[in-house]
Structure formats: structure tokens, C-alpha cells
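Worksheet: the structure to be examined is printed underneath.
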Amino acid sequence: MLKAENIFKAYTDTQKRVEVLRGISLEASPGETVGLVGPSGAGKSTLLHVLGGLDEPDQGRVLIGMEDIYRLKDGPRARLRNQAVGFVFQFYHLLPELTALENVLLPLMVWEGRLRDPRAMRSRAAEILDQVGLGHRLGHKPRQLSGGEQQRVAIARSVINRPRILLCDEPTGNLDSKTGAGVIDLLVSLARQNSSLLILVTHDRSLAQRCQKVVQIRDGVLA
């Protein structure tokens with residue numbers, strides 16, 4: 001389902017070239033849960049962004065199914081990303097002026113192939129929020145929610161389109177240990193329920209070990 005081949009990525013910072021990813025290859029299958037660990041600056045987030053179609057590599061290719069995503073033009077790649085990939089980030093990225101329900105609805109609203117039935121879409125979003133324990137918070141805005149609740153809204157938004165791939169970048173980084181453990185349990189449960197591939201970036205090996213496989217990245221290569 002997801003295959004990365006010989007990925008290289010570098011950035012130029014104040015005229016200095018920094019090699020972030022140095023020939024990474026990775027393959028993962030539907031229903032698999034993968035923890036990606038490593039020290040700060042090892043390239044974890046960059047690799048996740050490359051895998052999800054957000055940051056084009058300097059060399060190598062990424063396949064989702066049989067589709068080489070970086071051979072697609074921007075529009076088709078964005079549609080593939082919307083339909084096939086769900087993202088969960090450390091900082092939630094909820095729109096403050098929207099309610100929890102409206103934030104979760106956003107990916108459905110931009111999916112061109114989705115039946116435009118507002119009632120059905122709202123019902124789907126409410127169902128997912130109830131599934132993550134926020135059925136009583138549909139009309140609340142982000143400022144009215146705790147950090148853990150905001151992350152649950154972000155998780156609900158990431159799975160609303162039933163993506164084949166769920167990519168999570170330090171989703172517990174702003175949470176206490178108990179709330180963070182609950183978030184990881186929720187992500188693993190939703191991935192299994194939807195037969196999605198879950199790749200979890202974390203610096204916490206104990207959280208990563210909740211996944212079936214743990215992969216370590218150090219100095220831009222997989223150890």
C-alpha cells in the first residue's frame with residue numbers, strides 16, 4: 001500500500017546544506033501499525049511529510065498503491081492526499097472560529113467525489129466525534145476544549161474520509177502521559193477498525209511499542 005524507495009531530502013539553511021533524509025526505503029501494508037522513533041532532528045517529521053505527499057523528496061519515489069504520488073500534478077496529488085491519507089499533528093491545527101463538528105467536516109467538504117448531502121455529512125461527522133468520546137461537544141469551539149479533547153477532534157477529522165493511511169506526527173507531544181496514552185490507544189483502535197495503515201512518529205519508545213512494528217531513524221537513515 002505504501003512504499004518509499006531511496007528517499008533523499010536536504011534543506012539549505014543560511015547557505016549551509018543539511019542532509020535530512022539519506023536514502024531511506026520503507027514499505028508498510030494495510031492494517032499495519034508502525035512506530036517511528038528517533039532523537040530530535042533525526043528526520044522523523046520530514047519523512048512523514050514526504051510519505052504523505054506534503055514535501056517532495058530530492059530523490060526517490062513514494063507509492064500509494066500503484067500511484068507514484070510525486071509524478072502527479074498538484075491538483076491530483078491533493079485529491080489523492082485528501083482521500084487516501086489522514087494526518088494528525090502535535091499542534092491540532094483546528095480552525096478556532098469553527099465548532100468541533102465543523103472542523104471534522106472540512107475534509108468531507110473538499111472531497112469532490114463525495115455525495116454533497118449536508119445532512120449525511122453532518123451525521124457522519126457527529127458519529128465519528130461520538131466514537132472518540134466527544135458526542136456531547138459537537139458545538140464547542142477549540143478554545144472551549146481541553147488539549148486532549150482538541151486532539152480527539154483532530155483525530156476525528158483525520159479519519160472522516162476513512163483513509164487508507166493514517167500519519168501521526170508527535171500526536172501526544174502537548175499532552176500529559178495519561179491523556180497521551182489514551183490518544184495512542186484511540187489511534188490504534190481506529191486504524192484497526194478501518195484496516196488503515198498507521199505510522200506514528202514519537203520520541204517516546206514506550207508509546208511506539210503499542211504498535212506492531214517499531215522502526216528507528218537516526219541521522220537520516222533507518223537503523
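Here's how to read the names in the C-alpha cells: chain A, B, ... by the order shown, residue numbers from 1 in each chain, ligand numbers from 1 in the order shown.
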
For stretch 84-169 of chain A against stretch 187-207 of chain A, with a cut-off of 10 Å and counting only C-alpha atoms, what is the closest atom pair and its distance in Å to one decimal for every residue that makes the cut, ordered by chain and number, as a Markdown table?
| residue | atom | partner | partner_atom | distance |
| --- | --- | --- | --- | --- |
| A:Ala84 | CA | A:Ser196 | CA | 9.6 |
| A:Val85 | CA | A:Ser196 | CA | 9.5 |
| A:Gly86 | CA | A:Leu198 | CA | 9.4 |
| A:Phe87 | CA | A:Ile199 | CA | 10.0 |
| A:Val88 | CA | A:Leu200 | CA | 9.3 |
| A:Phe89 | CA | A:Val201 | CA | 9.7 |
| A:Gln90 | CA | A:Thr202 | CA | 10.0 |
| A:Gln131 | CA | A:Leu190 | CA | 9.3 |
| A:Val132 | CA | A:Leu190 | CA | 9.2 |
| A:Arg152 | CA | A:Leu187 | CA | 9.4 |
| A:Ile155 | CA | A:Leu187 | CA | 7.5 |
| A:Ala156 | CA | A:Leu190 | CA | 9.5 |
| A:Val159 | CA | A:Leu190 | CA | 8.0 |
| A:Arg162 | CA | A:Asn194 | CA | 6.7 |
| A:Pro163 | CA | A:Ser196 | CA | 6.7 |
| A:Arg164 | CA | A:Ser196 | CA | 4.7 |
| A:Ile165 | CA | A:Leu197 | CA | 4.7 |
| A:Leu166 | CA | A:Leu198 | CA | 4.8 |
| A:Leu167 | CA | A:Ile199 | CA | 5.1 |
| A:Cys168 | CA | A:Leu200 | CA | 4.8 |
| A:Asp169 | CA | A:Val201 | CA | 4.9 |

Q: From the DSSP assignment of the backbone, select every residue of stretch 8-145 of chain A that is strand (DSSP E or B), and format the answer as a PyMOL selection string.
A: chain A and resi 8-13+16-28+33-37+59-64+67-68+85-88

Generate a file of the selected residues that holds C-alpha atoms, formatted as a compact mmCIF listing (two decimals), in the first residue's frame.
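result.txt was written with the following content:
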# COMPACT_ATOMS: atom_id res chain seq x y z
CA PHE A 8 16.78 11.75 -0.05
CA LYS A 9 15.85 15.19 1.26
CA ALA A 10 18.02 18.18 2.12
CA TYR A 11 17.42 21.80 3.13
CA THR A 12 19.64 24.86 2.79
CA ASP A 13 19.90 26.90 5.97
CA LYS A 16 24.59 25.51 4.55
CA ARG A 17 23.10 22.37 3.04
CA VAL A 18 21.65 20.00 5.65
CA GLU A 19 21.03 16.40 4.62
CA VAL A 20 17.90 15.29 6.48
CA LEU A 21 16.99 12.01 4.77
CA ARG A 22 19.77 9.91 3.25
CA GLY A 23 18.50 7.01 1.18
CA ILE A 24 15.52 5.78 3.21
CA SER A 25 13.40 2.88 1.93
CA LEU A 26 10.28 1.74 3.76
CA GLU A 27 7.32 -0.47 2.95
CA ALA A 28 4.15 -0.95 5.02
CA THR A 33 0.77 -0.18 12.87
CA VAL A 34 4.30 1.24 12.77
CA GLY A 35 6.04 3.33 15.42
CA LEU A 36 8.78 5.62 14.07
CA VAL A 37 11.21 6.71 16.78
CA GLN A 59 15.46 11.90 -4.91
CA GLY A 60 13.45 8.68 -4.72
CA ARG A 61 9.77 7.94 -5.02
CA VAL A 62 6.72 7.25 -2.87
CA LEU A 63 3.95 4.93 -3.98
CA ILE A 64 0.45 4.78 -2.53
CA GLU A 67 0.40 5.56 -7.78
CA ASP A 68 3.76 7.36 -7.74
CA VAL A 85 -4.22 9.95 3.81
CA GLY A 86 -5.25 11.23 7.23
CA PHE A 87 -2.88 13.47 9.24
CA VAL A 88 -2.68 14.08 12.99

Of A:Ala42, A:Val221, A:Leu145, A:Val183, the one nearest to A:Pro171 when counting only C-alpha atoms is A:Val183

Practice task
Would you return as a ChimeraX atom specification the members of stretch 88-208 of chain A that DSSP assigns to helix (DSSP H, G or I) on this structure's backbone?
Solution key: /A:100-109,118-131,142-144,147-159,177-194,205-208

Can you work out the spacing between atom CA of A:Gly52 and atom CA of A:Arg77 in Å, to one decimal?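 Pair atom CA of A:Gly52 / atom CA of A:Arg77 returns 10.0 Å.
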
Using Å and a single decimal, report how far atom CA of A:Leu48 sits from atom CA of A:Leu186.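 Separation of atom CA of A:Leu186 and atom CA of A:Leu48: 19.9 Å.
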